[in-house]
Amino acid sequence: MNRESVNHSSPTQTRTDPWSTLYKIGGIAALLAVFVFRRNLGAELSLLAVFGIIDGVPTTPLMTGINWFKLLQDNWLVGLTLLNFFDLVEYALLGLIFLALYGALRQTNRSAMVIATTSGLVGITVYFASNQALAMLALSDRYAAATSAAQRSIYLAAGEMLLAITNPESAHQGTGVYISLFLVLLAGLMISIVMLRSNIFNKATAITGILANGIGLCFFITLAFLPAIYWIPHPVSAPFRVAWYFLIALRLFKLGKKAELK
């Protein structure tokens, strides 16, 4: 009895790059960081108030706990914005961007990307530990609900202690804010240099990132040696940062789509 040989052909299976989802998440995070949760929204809000475009925003620095408590009670959203609460969201988005960029550039220079990503994530963690916005809001609520002068005095003293560590309206911030900013900018500069040596991102994206983070790092030089103009690097670097995030988003979306087709 002759047996007929039957050829069994297994269907072709399409494998999806495990990084594709992270690329898409990183792209969304980059767009949100550009159009919604930009860094230093408080500074933008204050500038709009100075030009009379919006009302209800203090145009002089808030240096005391009682002034912050009053603002938080009158308009908690403005108060939290000036306390840089939304920078927490921007830093969280930046963490997702760093992870997606690690996935995209890990084969170009793995050691540099490990160092850069670690630096960025540590900087983000330090900022989360340093931001006082929610703590000030809680103290403000307790101060308003206090039923005695002694209780109000305790909460006010606690608020003053937080402001002594970090007050976003002061020319000099707390150590944690400076450390986090330095680590994040350093990470961005390292990643941009890796971009320049890769064929994943174009030269325009790499150079824009170098300018954004390099100019941002000049903040520490001006703060130490030219304090009268310490504020200049931030607004100068801001347009480059916006462009960098936008270019990153476009490329990450393309990488995510390309990875799905593999």
# chains A, B, ... in the order shown; residues from 1 in each chain; ligands from 1

call {"tool": "select_by_dssp", "arguments": {"residues": "region 69-242 of chain A", "states": "helix (DSSP H, G or I)", "output": "number ranges by chain"}}
result
A: 69-74, 76-82, 85-105, 110-130, 133-145, 149-165, 175-196, 203-225, 227-229, 233-242

call {"tool": "residues_around", "arguments": {"residues": "Ile66 (chain A)", "least_positions_apart": "5", "cutoff": "9 Å", "atoms": "only C-alpha atoms", "output": "PyMOL selection string"}}
result
chain A and resi 71+140+156+159-160

call {"tool": "atom_distance", "arguments": {"atom1": "CA of Lys24 (chain A)", "atom2": "CA of Gly256 (chain A)"}}
result
5.6 Å

call {"tool": "residues_around", "arguments": {"residues": "region 32-45 of chain A", "least_positions_apart": "3", "cutoff": "9 Å", "atoms": "only C-alpha atoms", "output": "JSON, numbers by chain"}}
result
{"A": [27, 28, 29, 48, 49, 50, 54, 57, 78, 79, 80, 81, 82, 83, 84, 85, 86, 87, 88, 89, 90, 91, 93, 94, 168, 238, 241, 242, 243, 245, 246]}

call {"tool": "atom_distance", "arguments": {"atom1": "CA of Gly216 (chain A)", "atom2": "CA of Leu162 (chain A)"}}
result
26.1 Å

call {"tool": "residues_around", "arguments": {"residues": "region 187-203 of chain A", "least_positions_apart": "5", "cutoff": "9 Å", "atoms": "only C-alpha atoms", "output": "JSON, numbers by chain"}}
result
{"A": [98, 101, 102, 104, 105, 108, 109, 112, 113, 115, 116, 117, 118, 119, 120, 121, 123, 182, 208, 209, 210, 211, 212, 213, 214, 247, 248, 251, 255]}

call {"tool": "decode", "arguments": {"residues": "region 197-234 of chain A", "atoms": "N, CA and C atoms", "output": "short mmCIF file (atom, residue, chain, number, x, y, z; two decimals), in the first residue's frame"}}
result
data_model
loop_
_atom_site.label_atom_id
_atom_site.label_comp_id
_atom_site.auth_asym_id
_atom_site.auth_seq_id
_atom_site.Cartn_x
_atom_site.Cartn_y
_atom_site.Cartn_z
N ARG A 197 25.35 60.15 15.70
CA ARG A 197 26.19 59.07 15.17
C ARG A 197 25.37 57.88 14.69
N SER A 198 24.06 58.00 14.70
CA SER A 198 23.22 56.89 14.29
C SER A 198 22.54 57.19 12.96
N ASN A 199 21.93 56.16 12.39
CA ASN A 199 21.12 56.36 11.20
C ASN A 199 19.64 56.23 11.51
N ILE A 200 19.30 56.27 12.80
CA ILE A 200 17.92 56.16 13.22
C ILE A 200 17.23 57.51 13.17
N PHE A 201 17.90 58.53 13.69
CA PHE A 201 17.37 59.89 13.68
C PHE A 201 18.21 60.73 12.73
N ASN A 202 17.57 61.72 12.10
CA ASN A 202 18.31 62.56 11.17
C ASN A 202 19.17 63.58 11.91
N LYS A 203 20.03 64.25 11.16
CA LYS A 203 20.96 65.20 11.76
C LYS A 203 20.24 66.38 12.40
N ALA A 204 19.11 66.79 11.78
CA ALA A 204 18.38 67.94 12.33
C ALA A 204 17.89 67.66 13.74
N THR A 205 17.38 66.44 13.97
CA THR A 205 16.91 66.08 15.31
C THR A 205 18.07 66.08 16.30
N ALA A 206 19.19 65.51 15.90
CA ALA A 206 20.35 65.43 16.78
C ALA A 206 20.88 66.82 17.13
N ILE A 207 21.04 67.67 16.13
CA ILE A 207 21.59 69.01 16.36
C ILE A 207 20.63 69.85 17.20
N THR A 208 19.33 69.71 16.95
CA THR A 208 18.34 70.44 17.76
C THR A 208 18.42 70.01 19.22
N GLY A 209 18.60 68.71 19.46
CA GLY A 209 18.74 68.22 20.83
C GLY A 209 20.01 68.71 21.49
N ILE A 210 21.11 68.76 20.73
CA ILE A 210 22.37 69.26 21.29
C ILE A 210 22.22 70.73 21.69
N LEU A 211 21.55 71.52 20.85
CA LEU A 211 21.34 72.94 21.17
C LEU A 211 20.42 73.09 22.38
N ALA A 212 19.32 72.34 22.40
CA ALA A 212 18.35 72.45 23.50
C ALA A 212 18.99 72.13 24.84
N ASN A 213 19.70 71.01 24.91
CA ASN A 213 20.27 70.58 26.18
C ASN A 213 21.59 71.28 26.49
N GLY A 214 22.38 71.57 25.46
CA GLY A 214 23.64 72.28 25.67
C GLY A 214 23.41 73.70 26.19
N ILE A 215 22.48 74.42 25.56
CA ILE A 215 22.16 75.77 26.04
C ILE A 215 21.54 75.70 27.43
N GLY A 216 20.71 74.68 27.66
CA GLY A 216 20.12 74.52 28.99
C GLY A 216 21.16 74.34 30.07
N LEU A 217 22.22 73.59 29.78
CA LEU A 217 23.29 73.39 30.75
C LEU A 217 24.07 74.67 31.03
N CYS A 218 24.02 75.63 30.11
CA CYS A 218 24.68 76.92 30.36
C CYS A 218 24.05 77.67 31.53
N PHE A 219 22.85 77.26 31.91
CA PHE A 219 22.20 77.85 33.09
C PHE A 219 23.10 77.77 34.32
N PHE A 220 23.77 76.63 34.48
CA PHE A 220 24.61 76.43 35.67
C PHE A 220 25.86 77.31 35.61
N ILE A 221 26.36 77.57 34.41
CA ILE A 221 27.52 78.44 34.26
C ILE A 221 27.14 79.88 34.61
N THR A 222 26.00 80.33 34.07
CA THR A 222 25.57 81.70 34.37
C THR A 222 25.19 81.86 35.83
N LEU A 223 24.58 80.82 36.42
CA LEU A 223 24.20 80.89 37.82
C LEU A 223 25.43 81.06 38.71
N ALA A 224 26.52 80.41 38.34
CA ALA A 224 27.73 80.45 39.17
C ALA A 224 28.57 81.70 38.91
N PHE A 225 28.67 82.12 37.64
CA PHE A 225 29.62 83.19 37.31
C PHE A 225 28.96 84.48 36.81
N LEU A 226 27.73 84.38 36.30
CA LEU A 226 27.04 85.57 35.79
C LEU A 226 25.59 85.57 36.29
N PRO A 227 25.41 85.67 37.61
CA PRO A 227 24.07 85.52 38.18
C PRO A 227 23.05 86.55 37.67
N ALA A 228 23.52 87.69 37.17
CA ALA A 228 22.59 88.71 36.68
C ALA A 228 21.82 88.24 35.46
N ILE A 229 22.39 87.28 34.72
CA ILE A 229 21.72 86.80 33.51
C ILE A 229 21.45 85.30 33.58
N TYR A 230 21.34 84.76 34.80
CA TYR A 230 21.17 83.32 34.97
C TYR A 230 19.90 82.80 34.29
N TRP A 231 18.92 83.68 34.10
CA TRP A 231 17.61 83.27 33.59
C TRP A 231 17.61 83.12 32.06
N ILE A 232 18.62 83.61 31.37
CA ILE A 232 18.60 83.66 29.91
C ILE A 232 18.62 82.28 29.24
N PRO A 233 19.45 81.31 29.69
CA PRO A 233 19.50 80.02 28.98
C PRO A 233 18.15 79.31 28.86
N HIS A 234 17.28 79.44 29.85
CA HIS A 234 16.00 78.72 29.79
C HIS A 234 15.13 79.18 28.61
#
